[in-house]
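Coordinates as given in input-v9.cif (mmCIF, C-alpha atoms; chains and numbers go by the auth columns):
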data_model
#
loop_
_atom_site.group_PDB
_atom_site.id
_atom_site.type_symbol
_atom_site.label_atom_id
_atom_site.label_comp_id
_atom_site.label_asym_id
_atom_site.label_seq_id
_atom_site.Cartn_x
_atom_site.Cartn_y
_atom_site.Cartn_z
_atom_site.B_iso_or_equiv
_atom_site.auth_seq_id
_atom_site.auth_asym_id
ATOM 1 C CA MET A 1 97.583 63.762 161.269 0.00 412 C
ATOM 2 C CA SER A 2 95.569 63.719 158.095 0.00 413 C
ATOM 3 C CA ASP A 3 96.884 64.922 154.748 0.00 414 C
ATOM 4 C CA THR A 4 94.603 67.714 153.522 0.00 415 C
ATOM 5 C CA THR A 5 96.571 68.313 150.372 0.00 416 C
ATOM 6 C CA GLY A 6 94.289 67.630 147.417 0.00 417 C
ATOM 7 C CA PRO A 7 95.274 66.641 143.916 0.00 418 C
ATOM 8 C CA ALA A 8 96.993 69.335 141.885 0.00 419 C
ATOM 9 C CA THR A 9 94.629 71.228 139.625 0.00 420 C
ATOM 10 C CA ALA A 10 95.664 71.048 135.983 0.00 421 C
ATOM 11 C CA PRO A 11 95.988 74.451 134.347 0.00 422 C
ATOM 12 C CA ALA A 12 93.120 75.339 132.063 0.00 423 C
ATOM 13 C CA ALA A 13 93.774 74.833 128.387 0.00 424 C
ATOM 14 C CA PRO A 14 94.563 78.058 126.505 0.00 425 C
ATOM 15 C CA PRO A 15 91.622 79.533 124.616 0.00 426 C
ATOM 16 C CA ARG A 16 91.564 78.437 120.983 0.00 427 C
ATOM 17 C CA ALA A 17 89.923 80.390 118.193 0.00 428 C
ATOM 18 C CA ASP A 18 88.685 79.307 114.793 0.00 429 C
ATOM 19 C CA CYS A 19 88.906 82.129 112.212 0.00 430 C
ATOM 20 C CA VAL A 20 86.904 82.863 109.082 0.00 431 C
ATOM 21 C CA ALA A 21 87.875 85.622 106.627 0.00 432 C
ATOM 22 C CA ASP A 22 85.136 87.228 104.557 0.00 433 C
ATOM 23 C CA LEU A 23 85.356 88.716 101.080 0.00 434 C
ATOM 24 C CA ALA A 24 85.080 92.296 102.360 0.00 435 C
ATOM 25 C CA GLY A 25 88.163 91.940 104.563 0.00 436 C
ATOM 26 C CA GLY A 26 86.488 91.203 107.898 0.00 437 C
ATOM 27 C CA LEU A 27 87.419 88.412 110.331 0.00 438 C
ATOM 28 C CA THR A 28 85.256 86.279 112.646 0.00 439 C
ATOM 29 C CA PHE A 29 86.734 84.499 115.687 0.00 440 C
ATOM 30 C CA ASP A 30 84.848 81.590 117.330 0.00 441 C
ATOM 31 C CA LEU A 31 85.975 80.294 120.744 0.00 442 C
ATOM 32 C CA PRO A 32 84.567 77.730 123.223 0.00 443 C
ATOM 33 C CA ALA A 33 82.589 79.512 125.936 0.00 444 C
ATOM 34 C CA VAL A 34 83.879 77.151 128.637 0.00 445 C
ATOM 35 C CA GLY A 35 87.156 78.436 130.062 0.00 446 C
ATOM 36 C CA THR A 36 86.993 81.676 128.109 0.00 447 C
ATOM 37 C CA ALA A 37 87.695 84.268 130.786 0.00 448 C
ATOM 38 C CA GLY A 38 86.956 87.843 129.837 0.00 449 C
ATOM 39 C CA PRO A 39 84.227 89.654 127.897 0.00 450 C
ATOM 40 C CA VAL A 40 86.426 90.681 124.957 0.00 451 C
ATOM 41 C CA LEU A 41 88.979 89.388 122.493 0.00 452 C
ATOM 42 C CA VAL A 42 91.934 91.783 122.459 0.00 453 C
ATOM 43 C CA LEU A 43 94.275 92.342 119.505 0.00 454 C
ATOM 44 C CA ARG A 44 97.546 94.027 120.489 0.00 455 C
ATOM 45 C CA ARG A 45 99.999 95.339 117.932 0.00 456 C
ATOM 46 C CA ARG A 46 103.447 93.871 118.422 0.00 457 C
ATOM 47 C CA GLY A 47 106.152 96.464 119.014 0.00 458 C
ATOM 48 C CA GLY A 48 103.633 99.253 119.576 0.00 459 C
ATOM 49 C CA SER A 49 103.823 101.901 122.272 0.00 460 C
ATOM 50 C CA GLY A 50 100.881 100.432 124.175 0.00 461 C
ATOM 51 C CA GLY A 51 98.587 103.366 123.439 0.00 462 C
ATOM 52 C CA PRO A 52 94.938 103.119 122.350 0.00 463 C
ATOM 53 C CA ALA A 53 95.912 102.833 118.671 0.00 464 C
ATOM 54 C CA ASP A 54 97.871 99.648 119.453 0.00 465 C
ATOM 55 C CA GLU A 55 94.932 97.748 120.960 0.00 466 C
ATOM 56 C CA THR A 56 91.631 96.700 119.419 0.00 467 C
ATOM 57 C CA ARG A 57 88.961 95.230 121.725 0.00 468 C
ATOM 58 C CA LEU A 58 86.278 93.019 120.172 0.00 469 C
ATOM 59 C CA PRO A 59 83.244 92.042 122.305 0.00 470 C
ATOM 60 C CA LEU A 60 82.643 88.315 122.765 0.00 471 C
ATOM 61 C CA THR A 61 78.967 87.431 122.291 0.00 472 C
ATOM 62 C CA PRO A 62 77.140 84.083 122.544 0.00 473 C
ATOM 63 C CA ALA A 63 77.253 82.133 119.281 0.00 474 C
ATOM 64 C CA GLY A 64 75.282 79.010 120.243 0.00 475 C
ATOM 65 C CA GLU A 65 76.381 75.454 121.084 0.00 476 C
ATOM 66 C CA GLY A 66 78.757 76.545 123.833 0.00 477 C
ATOM 67 C CA HIS A 67 80.682 79.068 121.764 0.00 478 C
ATOM 68 C CA VAL A 68 81.330 82.791 121.848 0.00 479 C
ATOM 69 C CA ARG A 69 82.180 84.986 118.871 0.00 480 C
ATOM 70 C CA ALA A 70 84.156 88.158 118.158 0.00 481 C
ATOM 71 C CA VAL A 71 83.927 90.022 114.865 0.00 482 C
ATOM 72 C CA LEU A 72 86.483 92.375 113.335 0.00 483 C
ATOM 73 C CA PRO A 73 84.563 94.199 110.576 0.00 484 C
ATOM 74 C CA ALA A 74 86.438 95.475 107.547 0.00 485 C
ATOM 75 C CA SER A 75 85.316 98.977 108.551 0.00 486 C
ATOM 76 C CA VAL A 76 87.295 98.898 111.834 0.00 487 C
ATOM 77 C CA PRO A 77 90.809 100.328 111.297 0.00 488 C
ATOM 78 C CA LEU A 78 93.740 98.030 112.004 0.00 489 C
ATOM 79 C CA ALA A 79 97.142 99.633 111.461 0.00 490 C
ATOM 80 C CA GLU A 80 99.798 97.808 109.489 0.00 491 C
ATOM 81 C CA GLY A 81 101.707 95.332 111.635 0.00 492 C
ATOM 82 C CA ARG A 82 101.369 92.064 113.549 0.00 493 C
ATOM 83 C CA TRP A 83 98.557 91.842 116.109 0.00 494 C
ATOM 84 C CA ASP A 84 98.597 89.149 118.820 0.00 495 C
ATOM 85 C CA ALA A 85 95.266 87.808 120.117 0.00 496 C
ATOM 86 C CA TYR A 86 94.408 87.597 123.848 0.00 497 C
ATOM 87 C CA VAL A 87 91.446 86.805 126.049 0.00 498 C
ATOM 88 C CA GLY A 88 92.137 88.525 129.344 0.00 499 C
ATOM 89 C CA GLU A 89 95.911 88.164 129.634 0.00 500 C
ATOM 90 C CA ARG A 90 95.988 84.707 128.064 0.00 501 C
ATOM 91 C CA ALA A 91 97.327 84.287 124.556 0.00 502 C
ATOM 92 C CA VAL A 92 94.904 82.636 122.135 0.00 503 C
ATOM 93 C CA GLU A 93 95.907 79.542 120.182 0.00 504 C
ATOM 94 C CA PRO A 94 94.990 79.126 116.492 0.00 505 C
ATOM 95 C CA GLY A 95 92.251 76.698 115.558 0.00 506 C
ATOM 96 C CA ILE A 96 90.791 76.153 112.106 0.00 507 C
ATOM 97 C CA ARG A 97 91.484 79.057 109.726 0.00 508 C
ATOM 98 C CA ASP A 98 89.098 79.356 106.781 0.00 509 C
ATOM 99 C CA LEU A 99 90.861 81.768 104.409 0.00 510 C
ATOM 100 C CA ARG A 100 89.381 80.639 101.110 0.00 511 C
ATOM 101 C CA THR A 101 87.958 84.079 100.313 0.00 512 C
ATOM 102 C CA LEU A 102 91.464 85.569 100.393 0.00 513 C
ATOM 103 C CA VAL A 103 92.789 83.443 97.521 0.00 514 C
ATOM 104 C CA ASP A 104 92.961 85.466 94.295 0.00 515 C
ATOM 105 C CA ARG A 105 91.033 88.259 95.989 0.00 516 C
ATOM 106 C CA VAL A 106 90.320 91.346 93.871 0.00 517 C
ATOM 107 C CA PRO A 107 89.938 94.335 96.208 0.00 518 C
ATOM 108 C CA ASP A 108 87.289 96.946 95.504 0.00 519 C
ATOM 109 C CA GLU A 109 88.798 99.755 97.602 0.00 520 C
ATOM 110 C CA PRO A 110 89.375 102.835 95.420 0.00 521 C
ATOM 111 C CA ASP A 111 92.637 103.959 97.038 0.00 522 C
ATOM 112 C CA GLY A 112 94.576 100.722 97.562 0.00 523 C
ATOM 113 C CA VAL A 113 94.224 97.590 99.692 0.00 524 C
ATOM 114 C CA ARG A 114 93.682 96.523 103.290 0.00 525 C
ATOM 115 C CA VAL A 115 94.550 92.925 104.148 0.00 526 C
ATOM 116 C CA ARG A 116 93.966 91.089 107.451 0.00 527 C
ATOM 117 C CA LEU A 117 95.414 87.588 107.588 0.00 528 C
ATOM 118 C CA PRO A 118 95.213 85.382 110.728 0.00 529 C
ATOM 119 C CA TYR A 119 98.189 83.054 111.145 0.00 530 C
ATOM 120 C CA PRO A 120 99.953 80.815 113.708 0.00 531 C
ATOM 121 C CA THR A 121 103.108 82.310 115.194 0.00 532 C
ATOM 122 C CA ALA A 122 106.302 80.291 115.536 0.00 533 C
ATOM 123 C CA ASP A 123 105.532 79.661 119.227 0.00 534 C
ATOM 124 C CA GLY A 124 101.979 78.490 118.597 0.00 535 C
ATOM 125 C CA ARG A 125 99.890 81.598 119.240 0.00 536 C
ATOM 126 C CA LEU A 126 97.259 83.275 117.080 0.00 537 C
ATOM 127 C CA ALA A 127 98.096 86.581 115.440 0.00 538 C
ATOM 128 C CA VAL A 128 96.728 88.752 112.644 0.00 539 C
ATOM 129 C CA ARG A 129 98.998 90.248 109.989 0.00 540 C
ATOM 130 C CA SER A 130 97.589 93.550 108.785 0.00 541 C
ATOM 131 C CA TRP A 131 98.691 95.438 105.685 0.00 542 C
ATOM 132 C CA VAL A 132 97.454 98.900 104.743 0.00 543 C
ATOM 133 C CA ARG A 133 98.814 99.979 101.352 0.00 544 C
ATOM 134 C CA ARG A 134 97.455 103.055 99.557 0.00 545 C
ATOM 135 C CA PRO A 135 98.187 102.674 96.709 0.00 546 C
ATOM 136 C CA HIS A 136 99.463 99.120 96.340 0.00 547 C
ATOM 137 C CA ALA A 137 101.499 97.331 93.628 0.00 548 C
ATOM 138 C CA GLU A 138 100.562 93.644 93.728 0.00 549 C
ATOM 139 C CA ALA A 139 103.249 91.368 92.296 0.00 550 C
ATOM 140 C CA GLY A 140 101.992 88.599 90.039 0.00 551 C
ATOM 141 C CA ASP A 141 104.064 86.371 87.762 0.00 552 C
ATOM 142 C CA ILE A 142 107.848 86.647 87.945 0.00 553 C
ATOM 143 C CA VAL A 143 109.463 85.477 84.711 0.00 554 C
ATOM 144 C CA LEU A 144 113.141 84.536 84.866 0.00 555 C
ATOM 145 C CA GLY A 145 115.395 85.162 81.881 0.00 556 C
ATOM 146 C CA GLU A 146 119.107 85.118 81.172 0.00 557 C
ATOM 147 C CA GLY A 147 120.481 87.602 83.702 0.00 558 C
ATOM 148 C CA VAL A 148 117.111 89.306 84.250 0.00 559 C
ATOM 149 C CA CYS A 149 113.766 88.905 85.966 0.00 560 C
ATOM 150 C CA THR A 150 110.517 90.386 84.672 0.00 561 C
ATOM 151 C CA VAL A 151 107.874 91.334 87.234 0.00 562 C
ATOM 152 C CA GLU A 152 104.228 91.496 86.193 0.00 563 C
ATOM 153 C CA GLY A 153 101.485 92.776 88.455 0.00 564 C
ATOM 154 C CA THR A 154 98.524 95.035 89.136 0.00 565 C
ATOM 155 C CA LEU A 155 98.503 98.519 90.633 0.00 566 C
ATOM 156 C CA TYR A 156 95.574 99.339 92.948 0.00 567 C
ATOM 157 C CA GLY A 157 94.650 102.882 93.937 0.00 568 C
ATOM 158 C CA ALA A 158 96.570 104.463 91.031 0.00 569 C
ATOM 159 C CA ARG A 159 97.257 103.909 87.343 0.00 570 C
ATOM 160 C CA PRO A 160 100.658 103.573 85.673 0.00 571 C
ATOM 161 C CA GLY A 161 101.040 106.340 83.105 0.00 572 C
ATOM 162 C CA ALA A 162 103.598 108.301 81.137 0.00 573 C
ATOM 163 C CA GLY A 163 107.018 108.241 82.753 0.00 574 C
ATOM 164 C CA ALA A 164 106.311 105.137 84.842 0.00 575 C
ATOM 165 C CA VAL A 165 109.491 103.475 86.101 0.00 576 C
ATOM 166 C CA ALA A 166 110.486 100.673 88.425 0.00 577 C
ATOM 167 C CA GLU A 167 113.039 101.428 91.125 0.00 578 C
ATOM 168 C CA ALA A 168 115.470 99.104 92.886 0.00 579 C
ATOM 169 C CA ARG A 169 116.532 100.654 96.200 0.00 580 C
ATOM 170 C CA LEU A 170 119.413 99.822 98.508 0.00 581 C
ATOM 171 C CA GLY A 171 119.815 102.365 101.275 0.00 582 C
ATOM 172 C CA GLY A 172 120.312 105.676 99.473 0.00 583 C
ATOM 173 C CA GLU A 173 121.116 104.051 96.132 0.00 584 C
ATOM 174 C CA VAL A 174 118.446 103.877 93.420 0.00 585 C
ATOM 175 C CA ARG A 175 118.488 102.100 90.053 0.00 586 C
ATOM 176 C CA ARG A 176 115.621 102.825 87.631 0.00 587 C
ATOM 177 C CA PHE A 177 114.173 100.686 84.832 0.00 588 C
ATOM 178 C CA PRO A 178 111.361 101.372 82.317 0.00 589 C
ATOM 179 C CA ALA A 179 107.912 100.152 83.343 0.00 590 C
ATOM 180 C CA GLU A 180 104.975 99.407 81.067 0.00 591 C
ATOM 181 C CA GLY A 181 101.335 100.027 81.971 0.00 592 C
ATOM 182 C CA GLY A 182 98.226 98.276 80.680 0.00 593 C
ATOM 183 C CA GLU A 183 94.509 98.029 81.259 0.00 594 C
ATOM 184 C CA ALA A 184 93.005 97.824 84.755 0.00 595 C
ATOM 185 C CA GLY A 185 96.265 98.861 86.420 0.00 596 C
ATOM 186 C CA ALA A 186 98.448 96.140 84.883 0.00 597 C
ATOM 187 C CA PHE A 187 102.204 96.813 84.930 0.00 598 C
ATOM 188 C CA ALA A 188 105.426 95.045 83.988 0.00 599 C
ATOM 189 C CA PHE A 189 109.126 95.801 84.260 0.00 600 C
ATOM 190 C CA THR A 190 112.423 93.966 83.793 0.00 601 C
ATOM 191 C CA VAL A 191 115.360 94.108 86.197 0.00 602 C
ATOM 192 C CA PRO A 192 118.826 93.349 84.723 0.00 603 C
ATOM 193 C CA TYR A 193 120.897 91.826 87.518 0.00 604 C
ATOM 194 C CA GLU A 194 124.223 93.148 86.229 0.00 605 C
ATOM 195 C CA VAL A 195 123.107 96.736 86.882 0.00 606 C
ATOM 196 C CA LEU A 196 122.532 95.835 90.544 0.00 607 C
ATOM 197 C CA ALA A 197 125.885 94.052 90.727 0.00 608 C
ATOM 198 C CA GLU A 198 127.938 97.224 90.192 0.00 609 C
ATOM 199 C CA PRO A 199 130.332 97.791 91.868 0.00 610 C
ATOM 200 C CA PRO A 200 131.539 94.207 92.461 0.00 611 C
ATOM 201 C CA VAL A 201 129.453 92.319 95.032 0.00 612 C
ATOM 202 C CA THR A 202 131.443 91.613 98.213 0.00 613 C
ATOM 203 C CA ALA A 203 128.521 91.091 100.624 0.00 614 C
ATOM 204 C CA GLU A 204 124.822 90.302 100.405 0.00 615 C
ATOM 205 C CA ARG A 205 122.668 93.064 98.922 0.00 616 C
ATOM 206 C CA LEU A 206 118.897 93.139 99.234 0.00 617 C
ATOM 207 C CA TRP A 207 117.472 95.529 96.656 0.00 618 C
ATOM 208 C CA GLU A 208 113.869 96.584 97.361 0.00 619 C
ATOM 209 C CA LEU A 209 111.590 96.850 94.316 0.00 620 C
ATOM 210 C CA TRP A 210 109.252 99.834 93.927 0.00 621 C
ATOM 211 C CA LEU A 211 106.984 101.131 91.166 0.00 622 C
ATOM 212 C CA ARG A 212 106.716 104.845 90.411 0.00 623 C
ATOM 213 C CA PRO A 213 103.438 105.166 88.420 0.00 624 C
ATOM 214 C CA GLY A 214 104.436 108.469 86.766 0.00 625 C
ATOM 215 C CA GLY A 215 107.129 111.088 86.717 0.00 626 C
ATOM 216 C CA ASP A 216 105.747 113.081 89.673 0.00 627 C
ATOM 217 C CA ALA A 217 104.078 110.199 91.527 0.00 628 C
ATOM 218 C CA GLU A 218 105.318 108.785 94.823 0.00 629 C
ATOM 219 C CA PRO A 219 106.898 105.316 94.536 0.00 630 C
ATOM 220 C CA VAL A 220 104.813 102.308 95.594 0.00 631 C
ATOM 221 C CA ARG A 221 106.332 99.215 97.231 0.00 632 C
ATOM 222 C CA VAL A 222 105.915 96.055 95.136 0.00 633 C
ATOM 223 C CA SER A 223 104.533 93.239 97.316 0.00 634 C
ATOM 224 C CA ARG A 224 102.293 90.197 97.095 0.00 635 C
ATOM 225 C CA LEU A 225 99.476 90.377 99.638 0.00 636 C
ATOM 226 C CA LEU A 226 96.256 89.200 98.011 0.00 637 C
ATOM 227 C CA ASP A 227 96.139 85.544 99.028 0.00 638 C
ATOM 228 C CA ASP A 228 96.412 83.378 102.151 0.00 639 C
ATOM 229 C CA VAL A 229 100.228 83.264 102.526 0.00 640 C
ATOM 230 C CA TRP A 230 101.337 85.353 105.513 0.00 641 C
ATOM 231 C CA ASP A 231 105.104 84.835 105.068 0.00 642 C
ATOM 232 C CA ARG A 232 106.424 84.138 101.574 0.00 643 C
ATOM 233 C CA LYS A 233 110.127 84.320 102.439 0.00 644 C
ATOM 234 C CA ASN A 234 110.738 80.572 102.676 0.00 645 C
ATOM 235 C CA VAL A 235 107.793 79.483 100.516 0.00 646 C
ATOM 236 C CA PHE A 236 108.474 81.302 97.229 0.00 647 C
ATOM 237 C CA VAL A 237 112.116 80.509 96.423 0.00 648 C
ATOM 238 C CA TYR A 238 113.474 81.274 92.951 0.00 649 C
ATOM 239 C CA PRO A 239 116.507 79.836 91.119 0.00 650 C
ATOM 240 C CA VAL A 240 119.731 81.811 91.477 0.00 651 C
ATOM 241 C CA HIS A 241 121.303 83.280 88.351 0.00 652 C
ATOM 242 C CA ARG A 242 125.096 82.974 88.392 0.00 653 C
ATOM 243 C CA GLY A 243 126.731 86.069 86.951 0.00 654 C
ATOM 244 C CA GLU A 244 130.375 87.096 86.900 0.00 655 C
ATOM 245 C CA GLY A 245 131.271 87.288 90.581 0.00 656 C
ATOM 246 C CA TYR A 246 127.715 87.242 91.947 0.00 657 C
ATOM 247 C CA GLY A 247 124.503 85.294 92.326 0.00 658 C
ATOM 248 C CA ALA A 248 121.102 86.958 91.939 0.00 659 C
ATOM 249 C CA ALA A 249 117.476 85.954 92.451 0.00 660 C
ATOM 250 C CA PRO A 250 114.135 87.603 93.231 0.00 661 C
ATOM 251 C CA CYS A 251 112.879 86.930 96.752 0.00 662 C
ATOM 252 C CA TYR A 252 110.205 87.966 99.241 0.00 663 C
ATOM 253 C CA THR A 253 110.729 89.282 102.756 0.00 664 C
ATOM 254 C CA THR A 254 108.823 88.097 105.836 0.00 665 C
ATOM 255 C CA ASP A 255 106.472 91.046 105.153 0.00 666 C
ATOM 256 C CA ASN A 256 105.808 89.749 101.593 0.00 667 C
ATOM 257 C CA ASP A 257 107.665 92.655 99.967 0.00 668 C
ATOM 258 C CA LEU A 258 109.507 91.827 96.733 0.00 669 C
ATOM 259 C CA CYS A 259 113.279 92.233 96.485 0.00 670 C
ATOM 260 C CA VAL A 260 116.261 91.057 94.451 0.00 671 C
ATOM 261 C CA ARG A 261 118.975 89.410 96.537 0.00 672 C
ATOM 262 C CA LEU A 262 122.597 89.509 95.366 0.00 673 C
ATOM 263 C CA THR A 263 125.326 87.401 96.952 0.00 674 C
ATOM 264 C CA PRO A 264 129.074 87.235 96.238 0.00 675 C
#
Could you write out this structure as structure tokens?
Amino acid sequence: MSDTTGPATAPAAPPRADCVADLAGGLTFDLPAVGTAGPVLVLRRRGGSGGPADETRLPLTPAGEGHVRAVLPASVPLAEGRWDAYVGERAVEPGIRDLRTLVDRVPDEPDGVRVRLPYPTADGRLAVRSWVRRPHAEAGDIVLGEGVCTVEGTLYGARPGAGAVAEARLGGEVRRFPAEGGEAGAFAFTVPYEVLAEPPVTAERLWELWLRPGGDAEPVRVSRLLDDVWDRKNVFVYPVHRGEGYGAAPCYTTDNDLCVRLTP
């Protein structure tokens, strides 16, 4: 009796995409045509409801030399969040990511910023982090002093004016500090740690930093988005100031929002 069992077929390698970001905020994805099943590259927003607004379908077109290409123009809306990339039902792996145009980018949008940043997930897949902030307070230099930190930055989509203040928020608690405005949307404010340490610190506190451009203006979250770093939390680490009964330091969240962390 002959053995008709053939050699096991190795599973096809996952599709891999190289990404290029352009100055306008668009993204281009290049994939090998061989083994790329499906006519579109699909971006699905993580944690979404699964409706049409949580999926963006980008046609794959021939790009020469055995490759296909999908383009996400800056003009196509992409809601804030994390978008995983698929071809068919197969997750896409990250290839080369050319993000040079995102470094020190100066947006020209009149009402704020839109940022699309491709990145590798912890389990090796390709995703796009999208931010939509209108207006947006971009954190720049953070200067550490004795018991204080001074945040400098640029406000896009609004201008700091009379009555501008910075706000530190923890749940329903708010602490306010004077903010200065300058040319081209420049702002600066200083946060004294001891004000955030009252009453005595018995557990970790993560105070969110916001900028209110004027007395009647809505507050704007202070973040750092205009470069190629998709998760600043463990990259930008600042020295801890030791106060009486607490430690304090500025920090970023995984969404690149700026905070001040207090610990007992």
Non-local contacts of Val479 (chain C) (10 Å; only C-alpha atoms; under 3 positions in same chain excluded) as a list in words: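 Result of the neighbour search: Ala428, Phe440, Asp441, Leu442, Pro443, Ala444, Val445, Thr447, Pro450, Val451, Pro470, Leu471, Thr472, Pro473, Ala474, Gly475 and Glu476 of chain C.
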Counting only C-alpha atoms, the option among C:Gly499, C:Gly656, C:Gly568, C:Gly583 closest to Pro610 (chain C):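 Going through C:Gly499, C:Gly656, C:Gly568, C:Gly583 one by one, the smallest distance to Pro610 (chain C) is for C:Gly656.
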Produce a table with one row for each residue of region 511-630 of chain C that has an atom at most 12 Å from any atom of region 635-655 of chain C, each row naming the nearest atom pair and its distance in Å at one decimal; use all atoms listed in the file; arrange rows by chain and rising residue number; format as a tab-separated table.
residue	atom	partner	partner_atom	distance
C:Arg511	CA	C:Asp639	CA	7.6
C:Thr512	CA	C:Asp638	CA	8.4
C:Leu513	CA	C:Asp638	CA	4.9
C:Val514	CA	C:Asp638	CA	4.2
C:Asp515	CA	C:Asp638	CA	5.7
C:Arg516	CA	C:Leu637	CA	5.7
C:Val517	CA	C:Leu637	CA	7.5
C:Pro518	CA	C:Leu637	CA	8.3
C:Gly523	CA	C:Leu636	CA	11.6
C:Val524	CA	C:Leu637	CA	8.8
C:Arg525	CA	C:Leu636	CA	9.2
C:Val526	CA	C:Leu636	CA	7.1
C:Arg527	CA	C:Trp641	CA	9.5
C:Leu528	CA	C:Trp641	CA	6.7
C:Pro529	CA	C:Trp641	CA	8.0
C:Tyr530	CA	C:Trp641	CA	6.8
C:Pro531	CA	C:Trp641	CA	9.5
C:Thr532	CA	C:Trp641	CA	10.3
C:Ala533	CA	C:Asp642	CA	11.5
C:Ala538	CA	C:Trp641	CA	10.5
C:Val539	CA	C:Trp641	CA	9.1
C:Arg540	CA	C:Trp641	CA	7.0
C:Ser541	CA	C:Trp641	CA	9.6
C:Trp542	CA	C:Leu636	CA	7.9
C:Val543	CA	C:Leu636	CA	10.1
C:Arg544	CA	C:Leu636	CA	9.8
C:His547	CA	C:Leu636	CA	9.3
C:Ala548	CA	C:Arg635	CA	8.0
C:Glu549	CA	C:Arg635	CA	5.1
C:Ala550	CA	C:Arg635	CA	5.0
C:Gly551	CA	C:Arg635	CA	7.2
C:Asp552	CA	C:Arg635	CA	10.2
C:Ile553	CA	C:Tyr649	CA	9.3
C:Val554	CA	C:Tyr649	CA	10.1
C:Leu555	CA	C:Pro650	CA	8.5
C:Gly556	CA	C:His652	CA	9.0
C:Glu557	CA	C:His652	CA	7.7
C:Gly558	CA	C:His652	CA	6.4
C:Val559	CA	C:His652	CA	8.4
C:Cys560	CA	C:His652	CA	9.7
C:Val562	CA	C:Arg635	CA	11.4
C:Glu563	CA	C:Arg635	CA	11.1
C:Gly564	CA	C:Arg635	CA	9.1
C:Thr565	CA	C:Arg635	CA	10.0
C:Leu566	CA	C:Arg635	CA	11.2
C:Tyr567	CA	C:Leu637	CA	11.4
C:Pro603	CA	C:Gly654	CA	11.0
C:Tyr604	CA	C:Gly654	CA	8.2
C:Glu605	CA	C:Gly654	CA	7.5
C:Val606	CA	C:Gly654	CA	11.3
C:Leu607	CA	C:Gly654	CA	11.2
C:Ala608	CA	C:Gly654	CA	8.9
C:Glu609	CA	C:Glu655	CA	10.9
C:Pro610	CA	C:Glu655	CA	11.8
C:Pro611	CA	C:Glu655	CA	9.1
C:Val612	CA	C:Glu655	CA	9.7
C:Leu620	CA	C:Arg635	CA	11.8
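Taking CA of Arg672 (chain C) and CA of Glu615 (chain C) as the two end points, the separation is 7.1 Å.
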Within 7 Å of (113.0, 103.0, 84.8), all atoms listed in the file: residues as a PyMOL selection string? chain C and resi 576-578+587-590
So how many Å separate CA of Ala575 (chain C) and CA of Gly593 (chain C), to one decimal? 11.4 Å
For Leu483 (chain C), which residue among C:Ala614, C:Cys430, C:Leu469, C:Leu673 is the nearest when counting only C-alpha atoms? C:Leu469
Given the PyMOL selection byres ((chain C and resi 458) around 12), the residues it picks as a PyMOL selection string: chain C and resi 455-457+459-462+465-466+491-495
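For the pair CA of Asp509 (chain C) and CA of Ala435 (chain C), the separation is 14.3 Å.
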Got a sec to resolve the PyMOL selection byres ((chain C and resi 623) around 9) on this structure and send the residues as a list of chain:residue names? C:Pro571, C:Gly574, C:Ala575, C:Val576, C:Ala577, C:Glu578, C:Ala590, C:Trp621, C:Leu622, C:Pro624, C:Gly625, C:Gly626, C:Asp627, C:Ala628, C:Glu629, C:Pro630, C:Val631, C:Arg632
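Proximity of C:Val498, C:Gly572, C:Gly477, C:Pro426 to Gly596 (chain C), computed with all atoms listed in the file, is greatest for C:Gly572.
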Name the residues in contact with Ala502 (chain C) at a cut-off of 9 Å, using all atoms listed in the file, excluding same-chain residues fewer than 5 positions from it; report them as a CSV table (one decimal) with C-alpha atoms, in the frame of the given file.
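Everything below was put into selection.csv:
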chain,number,residue,atom,x,y,z
C,425,PRO,CA,94.6,78.1,126.5
C,426,PRO,CA,91.6,79.5,124.6
C,427,ARG,CA,91.6,78.4,121.0
C,495,ASP,CA,98.6,89.1,118.8
C,496,ALA,CA,95.3,87.8,120.1
C,497,TYR,CA,94.4,87.6,123.8
C,536,ARG,CA,99.9,81.6,119.2
C,537,LEU,CA,97.3,83.3,117.1
Would you give the centre and edge lengths, in Å to one decimal, of a box along x, y and z around the listed atoms of region 662-674 of chain C, with 6 Å added to each side, as JSON?
{"center_x": 115.6, "center_y": 89.8, "center_z": 100.1, "size_x": 31.5, "size_y": 17.7, "size_z": 23.4}
